[in-house]
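Peer 1: So I've got this file, coords_5.txt, and it contains compact mmCIF, C-alpha atoms and all ligand atoms:
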```
# COMPACT_ATOMS: atom_id res chain seq x y z
CA MET F 555 90.05 -209.64 -25.79
CA GLU F 556 87.35 -211.84 -24.22
CA ASP F 557 89.65 -212.44 -21.25
CA LEU F 558 90.32 -208.70 -20.86
CA ILE F 559 86.60 -207.89 -20.99
CA ASP F 560 85.96 -210.57 -18.37
CA LYS F 561 88.67 -209.17 -16.06
CA ALA F 562 87.37 -205.62 -16.54
CA ALA F 563 83.77 -206.68 -15.85
CA LYS F 564 84.81 -208.52 -12.66
CA ALA F 565 86.76 -205.47 -11.49
CA ILE F 566 83.74 -203.24 -12.09
CA VAL F 567 81.39 -205.58 -10.23
CA ALA F 568 83.84 -205.76 -7.30
CA ALA F 569 84.38 -201.98 -7.14
CA LYS F 570 82.55 -199.93 -4.50
CA ASN F 571 82.60 -196.55 -6.20
CA PRO F 572 83.50 -196.91 -9.89
CA ILE F 573 83.44 -193.83 -12.12
CA ALA F 574 83.98 -193.13 -15.83
CA VAL F 575 86.05 -190.33 -17.34
CA THR F 576 85.11 -189.75 -20.97
CA GLY F 577 86.43 -187.67 -23.85
CA ALA F 578 85.67 -186.87 -27.46
CA GLY F 579 86.38 -190.46 -28.58
CA ILE F 580 83.15 -191.83 -27.10
CA SER F 581 81.12 -189.50 -29.33
CA VAL F 582 83.04 -190.22 -32.56
CA GLU F 583 80.66 -193.10 -33.39
CA SER F 584 77.75 -190.67 -33.03
CA GLY F 585 79.31 -188.64 -35.85
CA ILE F 586 81.09 -185.91 -33.85
CA PRO F 587 84.77 -185.85 -34.82
CA ASP F 588 87.41 -185.66 -32.08
CA PHE F 589 90.22 -183.09 -32.19
CA ARG F 590 92.84 -185.42 -33.53
CA SER F 591 91.16 -187.24 -36.44
CA PRO F 592 91.35 -185.53 -39.83
CA GLY F 593 88.31 -183.80 -41.28
CA GLY F 594 85.19 -182.39 -39.70
CA LEU F 595 84.52 -179.18 -37.88
CA TRP F 596 87.87 -178.87 -36.19
CA THR F 597 89.64 -178.73 -39.57
CA THR F 598 87.42 -175.88 -40.73
CA TYR F 599 87.53 -174.16 -37.34
CA PRO F 600 90.90 -174.89 -35.69
CA PRO F 601 90.46 -174.95 -31.88
CA ASP F 602 93.35 -172.50 -31.37
CA GLN F 603 91.48 -169.89 -33.45
CA PHE F 604 87.87 -170.64 -32.45
CA ALA F 605 87.91 -172.28 -29.04
CA THR F 606 90.04 -169.95 -26.90
CA ILE F 607 88.83 -167.19 -24.58
CA ASP F 608 91.29 -164.79 -26.23
CA ALA F 609 89.76 -165.47 -29.65
CA PHE F 610 86.26 -165.00 -28.21
CA GLU F 611 87.16 -161.70 -26.58
CA ALA F 612 88.94 -160.44 -29.72
CA ASP F 613 86.19 -161.35 -32.21
CA PRO F 614 83.11 -163.04 -30.73
CA GLU F 615 81.11 -162.88 -33.99
CA LYS F 616 83.88 -164.87 -35.73
CA VAL F 617 84.13 -167.42 -32.90
CA TRP F 618 80.34 -167.90 -32.86
CA LYS F 619 80.57 -169.31 -36.42
CA LEU F 620 82.11 -172.47 -34.92
CA TRP F 621 79.55 -172.71 -32.14
CA PHE F 622 76.61 -172.26 -34.52
CA ALA F 623 78.08 -174.96 -36.80
CA LEU F 624 78.61 -177.26 -33.83
CA GLY F 625 75.11 -176.55 -32.50
CA GLU F 626 73.63 -177.48 -35.89
CA SER F 627 75.69 -180.72 -35.94
CA LEU F 628 74.64 -181.59 -32.40
CA ALA F 629 70.97 -181.23 -33.30
CA LYS F 630 71.39 -184.12 -35.76
CA VAL F 631 73.28 -186.65 -33.60
CA SER F 632 72.19 -189.26 -31.06
CA PRO F 633 73.90 -191.24 -28.33
CA ASN F 634 75.63 -194.44 -29.48
CA ALA F 635 76.13 -197.87 -27.93
CA GLY F 636 79.05 -196.58 -25.82
CA HIS F 637 76.96 -193.87 -24.16
CA ARG F 638 74.13 -196.37 -23.63
CA ALA F 639 76.46 -198.96 -22.08
CA LEU F 640 77.63 -196.43 -19.46
CA ALA F 641 74.02 -195.49 -18.70
CA SER F 642 73.23 -199.18 -18.29
CA LEU F 643 76.16 -199.67 -15.88
CA GLU F 644 74.87 -196.75 -13.80
CA ALA F 645 71.32 -198.15 -13.84
CA SER F 646 72.53 -201.50 -12.52
CA GLY F 647 74.45 -199.76 -9.72
CA HIS F 648 77.92 -200.31 -11.18
CA LEU F 649 78.87 -196.76 -12.12
CA SER F 650 78.60 -193.86 -9.66
CA CYS F 651 79.23 -191.00 -12.05
CA VAL F 652 80.44 -190.00 -15.50
CA ILE F 653 82.91 -187.13 -15.61
CA THR F 654 82.91 -185.98 -19.20
CA GLN F 655 85.04 -183.53 -21.12
CA ASN F 656 82.41 -183.60 -23.83
CA ILE F 657 80.08 -180.69 -24.39
CA ASP F 658 77.53 -182.58 -26.49
CA ASN F 659 74.94 -183.67 -23.85
CA LEU F 660 74.95 -187.24 -25.24
CA HIS F 661 75.55 -188.99 -21.90
CA GLN F 662 72.40 -187.37 -20.50
CA GLU F 663 70.45 -188.24 -23.66
CA ALA F 664 71.55 -191.87 -23.29
CA GLY F 665 70.12 -191.96 -19.77
CA SER F 666 73.13 -191.27 -17.54
CA ARG F 667 71.88 -189.37 -14.50
CA LYS F 668 75.04 -188.43 -12.65
CA VAL F 669 77.13 -186.52 -15.15
CA ILE F 670 79.77 -183.92 -14.32
CA GLU F 671 80.35 -181.65 -17.32
CA TYR F 672 83.98 -180.73 -16.91
CA HIS F 673 84.03 -178.41 -19.94
CA GLY F 674 80.43 -177.18 -19.95
CA ASN F 675 77.66 -177.80 -22.46
CA ALA F 676 77.49 -176.39 -26.01
CA ARG F 677 73.69 -176.39 -25.97
CA HIS F 678 73.68 -173.49 -23.50
CA ILE F 679 74.87 -169.89 -23.50
CA LEU F 680 76.21 -167.78 -20.65
CA CYS F 681 76.44 -164.03 -20.02
CA LEU F 682 79.85 -163.17 -18.60
CA THR F 683 78.45 -159.88 -17.24
CA CYS F 684 75.40 -161.00 -15.22
CA GLY F 685 75.79 -164.80 -15.15
CA HIS F 686 72.49 -165.46 -16.96
CA ARG F 687 72.44 -168.98 -18.52
CA ALA F 688 69.98 -170.02 -21.22
CA PRO F 689 69.49 -172.70 -23.88
CA LEU F 690 71.09 -171.85 -27.23
CA ASP F 691 68.35 -171.07 -29.78
CA ILE F 692 70.23 -170.96 -33.07
CA ALA F 693 67.22 -169.91 -35.16
CA ALA F 694 66.51 -166.95 -32.85
CA CYS F 695 70.11 -165.74 -33.25
CA GLY F 696 69.65 -165.13 -36.99
CA GLY F 697 73.34 -165.77 -37.65
CA HIS F 698 74.54 -163.21 -35.06
CA ALA F 699 76.17 -163.82 -31.69
CA PRO F 700 73.42 -163.95 -29.04
CA ARG F 701 73.11 -160.96 -26.71
CA CYS F 702 71.99 -160.88 -23.09
CA VAL F 703 68.98 -158.90 -21.87
CA CYS F 704 71.05 -157.26 -19.11
CA ALA F 705 72.36 -153.67 -19.27
CA GLY F 706 74.43 -152.97 -22.36
CA ALA F 707 73.24 -156.20 -24.06
CA PRO F 708 76.64 -157.90 -23.92
CA ILE F 709 77.39 -160.76 -26.33
CA MET F 710 76.89 -164.11 -24.60
CA LYS F 711 79.44 -166.92 -24.66
CA PRO F 712 78.77 -170.57 -25.40
CA ASP F 713 78.55 -172.19 -21.94
CA VAL F 714 81.67 -174.22 -22.56
CA THR F 715 85.11 -173.95 -21.02
CA LEU F 716 87.21 -172.37 -23.73
CA PHE F 717 90.97 -172.91 -23.78
CA GLY F 718 92.41 -170.31 -21.39
CA GLU F 719 89.38 -170.40 -19.06
CA LEU F 720 89.06 -172.02 -15.66
CA ILE F 721 87.08 -175.24 -15.22
CA PRO F 722 83.65 -174.52 -13.62
CA PRO F 723 84.44 -174.55 -9.86
CA ASN F 724 81.73 -177.06 -8.86
CA ALA F 725 82.78 -179.51 -11.59
CA MET F 726 86.41 -179.11 -10.59
CA ARG F 727 85.74 -179.67 -6.88
CA ASP F 728 83.34 -182.61 -7.32
CA SER F 729 85.62 -184.35 -9.85
CA GLU F 730 88.67 -183.96 -7.66
CA LEU F 731 86.82 -185.43 -4.66
CA LEU F 732 85.62 -188.36 -6.77
CA ALA F 733 89.12 -188.95 -8.17
CA GLN F 734 90.46 -189.15 -4.61
CA SER F 735 87.75 -191.53 -3.38
CA THR F 736 87.01 -193.84 -6.32
CA ASP F 737 88.41 -197.36 -6.42
CA LEU F 738 88.02 -197.81 -10.21
CA VAL F 739 88.17 -195.45 -13.18
CA LEU F 740 86.94 -196.42 -16.63
CA ILE F 741 88.65 -193.98 -19.03
CA VAL F 742 86.99 -193.83 -22.45
CA GLY F 743 88.11 -192.02 -25.61
CA THR F 744 90.35 -189.35 -24.21
CA SER F 745 93.81 -188.57 -25.51
CA ALA F 746 95.25 -187.54 -22.09
CA GLN F 747 96.43 -184.28 -23.66
CA VAL F 748 93.99 -181.75 -22.21
CA TYR F 749 94.64 -180.66 -18.60
CA PRO F 750 93.45 -180.54 -15.86
CA ALA F 751 91.01 -183.28 -16.99
CA ALA F 752 93.90 -185.61 -17.81
CA ALA F 753 95.11 -185.39 -14.20
CA LEU F 754 91.93 -186.97 -12.76
CA PRO F 755 92.80 -190.62 -13.58
CA MET F 756 96.34 -189.99 -12.33
CA THR F 757 94.98 -188.70 -9.01
CA ALA F 758 92.76 -191.78 -8.76
CA LYS F 759 95.67 -194.09 -9.50
CA SER F 760 97.81 -192.40 -6.84
CA HIS F 761 94.99 -193.13 -4.35
CA GLY F 762 94.98 -196.82 -5.29
CA ALA F 763 92.23 -197.01 -7.95
CA THR F 764 92.22 -199.64 -10.70
CA ILE F 765 92.37 -198.04 -14.15
CA ILE F 766 90.54 -199.54 -17.13
CA GLU F 767 91.09 -197.68 -20.40
CA CYS F 768 89.13 -197.99 -23.65
CA ASN F 769 90.58 -196.28 -26.72
CA THR F 770 91.24 -197.07 -30.36
CA ALA F 771 94.87 -195.98 -29.83
CA ILE F 772 97.48 -196.04 -27.10
CA THR F 773 97.60 -192.84 -25.02
CA ASP F 774 99.95 -191.41 -22.40
CA PHE F 775 97.82 -193.22 -19.79
CA THR F 776 98.32 -196.65 -21.34
CA PRO F 777 101.93 -197.40 -20.40
CA THR F 778 101.85 -195.39 -17.16
CA ILE F 779 98.66 -195.90 -15.16
CA THR F 780 96.38 -198.25 -17.13
CA ASP F 781 95.82 -201.71 -15.62
CA LEU F 782 93.52 -203.10 -18.33
CA PHE F 783 93.57 -201.68 -21.85
CA LEU F 784 90.52 -202.39 -24.02
CA GLN F 785 91.76 -201.39 -27.45
CA GLY F 786 88.90 -200.74 -29.85
CA LYS F 787 85.90 -198.58 -30.53
CA ALA F 788 84.00 -197.45 -27.45
CA GLY F 789 80.64 -198.58 -28.88
CA SER F 790 81.60 -202.21 -29.25
CA MET F 791 83.98 -202.45 -26.27
CA LEU F 792 81.59 -200.88 -23.76
CA SER F 793 78.68 -202.95 -25.07
CA LEU F 794 80.70 -206.12 -24.48
CA LEU F 795 81.72 -204.86 -21.06
CA SER F 796 78.19 -203.95 -20.00
CA ALA F 797 76.84 -207.31 -21.28
CA ARG F 798 79.53 -209.18 -19.33
CA VAL F 799 78.71 -207.21 -16.15
CA ASN F 800 75.02 -208.10 -16.60
CA ALA F 801 75.94 -211.76 -17.13
CA LEU F 802 77.97 -211.76 -13.90
CA LEU F 803 75.01 -210.28 -12.04
CA ALA F 804 72.46 -212.75 -13.44
P1 LIG F 901 90.85 -185.84 -28.18
O1 LIG F 901 90.21 -185.42 -29.45
O2 LIG F 901 92.09 -185.21 -27.73
O3 LIG F 901 91.13 -187.42 -28.20
C1 LIG F 901 90.13 -188.34 -28.56
C2 LIG F 901 90.61 -189.73 -28.18
O4 LIG F 901 89.58 -190.64 -28.51
C3 LIG F 901 91.87 -190.16 -28.91
O5 LIG F 901 92.77 -190.73 -27.98
C4 LIG F 901 91.37 -191.21 -29.91
O6 LIG F 901 92.33 -192.23 -30.13
C5 LIG F 901 90.16 -191.76 -29.20
N1 LIG F 901 89.10 -192.30 -30.05
C6 LIG F 901 88.71 -191.88 -31.29
N2 LIG F 901 87.68 -192.60 -31.72
C7 LIG F 901 87.38 -193.49 -30.74
C8 LIG F 901 86.39 -194.49 -30.58
N3 LIG F 901 85.47 -194.75 -31.53
N4 LIG F 901 86.39 -195.21 -29.44
C9 LIG F 901 87.31 -195.00 -28.45
N5 LIG F 901 88.27 -194.04 -28.55
C10 LIG F 901 88.29 -193.30 -29.68
O7 LIG F 901 89.68 -185.73 -27.10
P2 LIG F 901 89.72 -185.31 -25.57
O8 LIG F 901 90.81 -186.05 -24.88
O9 LIG F 901 88.33 -185.44 -25.10
O10 LIG F 901 90.13 -183.78 -25.59
C11 LIG F 901 89.58 -182.90 -26.55
C12 LIG F 901 88.85 -181.71 -25.96
O11 LIG F 901 87.91 -181.28 -26.95
C13 LIG F 901 88.04 -182.03 -24.76
O12 LIG F 901 88.29 -181.02 -23.87
C14 LIG F 901 86.58 -181.96 -25.20
O13 LIG F 901 85.88 -181.08 -24.36
C15 LIG F 901 86.58 -181.27 -26.54
N6 LIG F 901 85.81 -181.95 -27.59
C16 LIG F 901 84.56 -182.39 -27.30
C17 LIG F 901 83.82 -183.06 -28.26
C18 LIG F 901 82.43 -183.52 -27.90
O14 LIG F 901 81.79 -182.92 -27.03
N7 LIG F 901 81.94 -184.61 -28.51
C19 LIG F 901 84.36 -183.29 -29.52
C20 LIG F 901 85.66 -182.82 -29.80
C21 LIG F 901 86.37 -182.15 -28.81
```
Please render this file's structure as structure tokens.
Ligand code: NAD
Peer 2:
Amino acid sequence: MEDLIDKAAKAIVAAKNPIAVTGAGISVESGIPDFRSPGGLWTTYPPDQFATIDAFEADPEKVWKLWFALGESLAKVSPNAGHRALASLEASGHLSCVITQNIDNLHQEAGSRKVIEYHGNARHILCLTCGHRAPLDIAACGGHAPRCVCAGAPIMKPDVTLFGELIPPNAMRDSELLAQSTDLVLIVGTSAQVYPAAALPMTAKSHGATIIECNTAITDFTPTITDLFLQGKAGSMLSLLSARVNALLA
């Protein structure tokens, strides 16, 4: 593993425009379960019943139960060593941007400045009628779906991309441009199952980028596009990687 970390660190230092693409796995060590591990919120609130636009339109009060529960969980968690390692790489000039599928705001809390939220942010709410966006204030909701102040007081949606919705256009455009221009992608904790996010590393690879992947398990990326596979928990792997980059720079 030491040799792999060394190779990955050298590739990052040599890269001109390295980016990271992160998924739920990087936040598991902060206490937020991913979709695929047993237990946690997603067992109580299956994504196909609580995280689709059809479910929201059919019964928003029901769907809001998940988002209130998630909001309460998010209020108790903090960034972990994996988030901090990516922020440190950015601070030393060796990471241009983090494209995250996560909706938990933990990259920003760890100090990452350039973050593209591919699936939105669960700490905000959005009115589908007038476009008003606001922070989610769970206490003010009193257990009911929040309503907008615009005409008709429509129920607001969590500002996340539900299954069946389009990716926010700016995030989609900026990510695609980065995927086409980057020379190195560090993929962390994503199962490669959710599209179009899963296509970004493939686009980068087809444009010649080096792919470094960190995951506890093999994914569809691993045998197809990954050049260096750092198998293990993101917290420890990315800490080692960031420390090795710093050592190379010293
Ligand atoms: P996923 O749940 O499909 O896959 C998570 C991946 O992380 C798996 O491949 C797993 O092996 C790996 N993993 C688990 N623990 C890890 C660790 N400690 N270190 C490194 N890797 C680890 O996640 P996904 O690919 O991001 O897709 C799920 C969708 O659900 C995304 O769209 C995301 O928006 C959403 N989601 C977000 C959060 C969050 O914001 N924290 C949590 C759950 C789901």
Peer 1: Would you mind telling me which residue in F:Pro601, F:Leu738, F:Leu690, F:Glu556 lies nearest to ligand LIG 901 (chain F) when using all atoms listed in the file?
Peer 2: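 Result for the nearest residue to ligand LIG 901 (chain F): F:Pro601.
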Peer 1: With a cut-off of 8 Å, could you pull out the residues of segment 614-700 of chain F touching segment 770-792 of chain F and give me the nearest pair of atoms for each, distance in Å to one decimal, using only C-alpha atoms, ordered by chain and ascending number, as a tab-separated table?
Peer 2:
```
residue	atom	partner	partner_atom	distance
F:Asn634	CA	F:Gly789	CA	6.5
F:Ala635	CA	F:Gly789	CA	4.7
F:Gly636	CA	F:Gly789	CA	4.0
F:His637	CA	F:Gly789	CA	7.6
F:Ala639	CA	F:Leu792	CA	5.7
F:Leu640	CA	F:Leu792	CA	7.3
```
Peer 1: Show me which residues are within 7 Å of ligand LIG 901 (chain F) counting only C-alpha atoms and all ligand atoms, and format the list as a PyMOL selection string.
Peer 2: chain F and resi 576-583+586-590+655-658+673+742-748+768-771+773+786-789
Peer 1: Report, in Å to a single decimal, how far apart atom CA of Leu731 of chain F and atom CA of Leu682 of chain F are.
Peer 2: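 A separation of 27.2 Å between them.
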Peer 1: Phe717 of chain F: which residues within 7 Å, counting all atoms listed in the file, same-chain residues fewer than 3 positions away excluded, as an MDAnalysis selection string?
Peer 2: chainID F and resid 605:607
Peer 1: Extract, using only C-alpha atoms, all DNA, RNA and protein residues at most 6 Å from segment 643-652 of chain F, discarding same-chain residues fewer than 6 positions from it, and format them as a list in words.
Peer 2: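 Within the cut-off, the hits are Asn571, Pro572, Ile573, Ala574, Val575, Lys668 and Val669 of chain F.
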Peer 1: Using the selection just defined, write its residues with C-alpha atoms as an mmCIF file, in the coordinates of the input.
Peer 2:
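Result file follows (result_8.cif):
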```
data_model
loop_
_atom_site.group_PDB
_atom_site.id
_atom_site.type_symbol
_atom_site.label_atom_id
_atom_site.label_comp_id
_atom_site.auth_asym_id
_atom_site.auth_seq_id
_atom_site.Cartn_x
_atom_site.Cartn_y
_atom_site.Cartn_z
ATOM 1 C CA ASN F 571 82.600 -196.550 -6.200
ATOM 2 C CA PRO F 572 83.500 -196.910 -9.890
ATOM 3 C CA ILE F 573 83.440 -193.830 -12.120
ATOM 4 C CA ALA F 574 83.980 -193.130 -15.830
ATOM 5 C CA VAL F 575 86.050 -190.330 -17.340
ATOM 6 C CA LYS F 668 75.040 -188.430 -12.650
ATOM 7 C CA VAL F 669 77.130 -186.520 -15.150
#
```
Peer 1: Which residues, written as a PyMOL selection string, have at least one atom at most 10 Å from Ala707 of chain F, with all atoms listed in the file counted and residues fewer than 6 positions away on the same chain left out?
Peer 2: chain F and resi 681+683+700-701
Peer 1: Around (76.3, -157.0, -25.0), as given in the file, which residues come within 12 Å? Count all atoms listed in the file and list them as a PDB file with C-alpha atoms, in the frame of the given file.
Peer 2:
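Saved result, part14.pdb, follows:
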```pdb
ATOM      1  CA  GLU F 611      87.160-161.700 -26.580  1.00  0.00           C
ATOM      2  CA  PRO F 614      83.110-163.040 -30.730  1.00  0.00           C
ATOM      3  CA  GLU F 615      81.110-162.880 -33.990  1.00  0.00           C
ATOM      4  CA  LEU F 680      76.210-167.780 -20.650  1.00  0.00           C
ATOM      5  CA  CYS F 681      76.440-164.030 -20.020  1.00  0.00           C
ATOM      6  CA  LEU F 682      79.850-163.170 -18.600  1.00  0.00           C
ATOM      7  CA  THR F 683      78.450-159.880 -17.240  1.00  0.00           C
ATOM      8  CA  CYS F 684      75.400-161.000 -15.220  1.00  0.00           C
ATOM      9  CA  HIS F 698      74.540-163.210 -35.060  1.00  0.00           C
ATOM     10  CA  ALA F 699      76.170-163.820 -31.690  1.00  0.00           C
ATOM     11  CA  PRO F 700      73.420-163.950 -29.040  1.00  0.00           C
ATOM     12  CA  ARG F 701      73.110-160.960 -26.710  1.00  0.00           C
ATOM     13  CA  CYS F 702      71.990-160.880 -23.090  1.00  0.00           C
ATOM     14  CA  VAL F 703      68.980-158.900 -21.870  1.00  0.00           C
ATOM     15  CA  CYS F 704      71.050-157.260 -19.110  1.00  0.00           C
ATOM     16  CA  ALA F 705      72.360-153.670 -19.270  1.00  0.00           C
ATOM     17  CA  GLY F 706      74.430-152.970 -22.360  1.00  0.00           C
ATOM     18  CA  ALA F 707      73.240-156.200 -24.060  1.00  0.00           C
ATOM     19  CA  PRO F 708      76.640-157.900 -23.920  1.00  0.00           C
ATOM     20  CA  ILE F 709      77.390-160.760 -26.330  1.00  0.00           C
ATOM     21  CA  MET F 710      76.890-164.110 -24.600  1.00  0.00           C
ATOM     22  CA  LYS F 711      79.440-166.920 -24.660  1.00  0.00           C
TER      23      LYS F 711
END
```
Peer 1: Would you mind reading off the distance between atom CA of Val617 of chain F and atom CA of Gln603 of chain F, one decimal, in Å?
Peer 2: 7.8 Å
Peer 1: Have a look at atom CA of Pro689 of chain F and atom CA of Tyr749 of chain F and let me know their distance in Å, one decimal.
Peer 2: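 Distance between the two atoms: 26.9 Å.
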Peer 1: Pick from F:Gly762, F:Pro633, F:Pro755, F:Gly674: nearest to Leu660 of chain F, with only C-alpha atoms counted?
Peer 2: F:Pro633
Peer 1: Of the candidates F:Leu595, F:Leu740, F:Ala563, F:Met555, which shows the shortest atom-to-atom distance to Ala623 of chain F, using all atoms listed in the file?
Peer 2: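 Distance minimum relative to Ala623 of chain F lands on F:Leu595.
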Peer 1: Which of these residues is nearest to Gln734 of chain F, using all atoms listed in the file: F:Ala804, F:Ala758, F:Leu558, F:Ile670?
Peer 2: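 Closest to Gln734 of chain F of all the choices is F:Ala758.
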Peer 1: Which polymer residues have any atom within 7 Å of an atom of segment 720-729 of chain F, counting only C-alpha atoms, with same-chain residues fewer than 4 positions away left out, as number ranges by chain?
Peer 2: F: 653, 670-673, 715, 733
Peer 1: Which residues are near Val631 of chain F? Cut-off 8 Å, all atoms listed in the file, ignore same chain within fewer than 3 positions. Put them as a list in words.
Peer 2: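 The residues satisfying every condition are Ser584, Gly585, Ile586, Ser627 and Leu628 of chain F.
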Peer 1: Restricting the calculation to all atoms listed in the file: of F:Thr736, F:Ala562, F:Leu620, F:Gly685, which residue gets closest to Thr597 of chain F?
Peer 2: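 With all atoms listed in the file as the atom set, the closest residue is F:Leu620.
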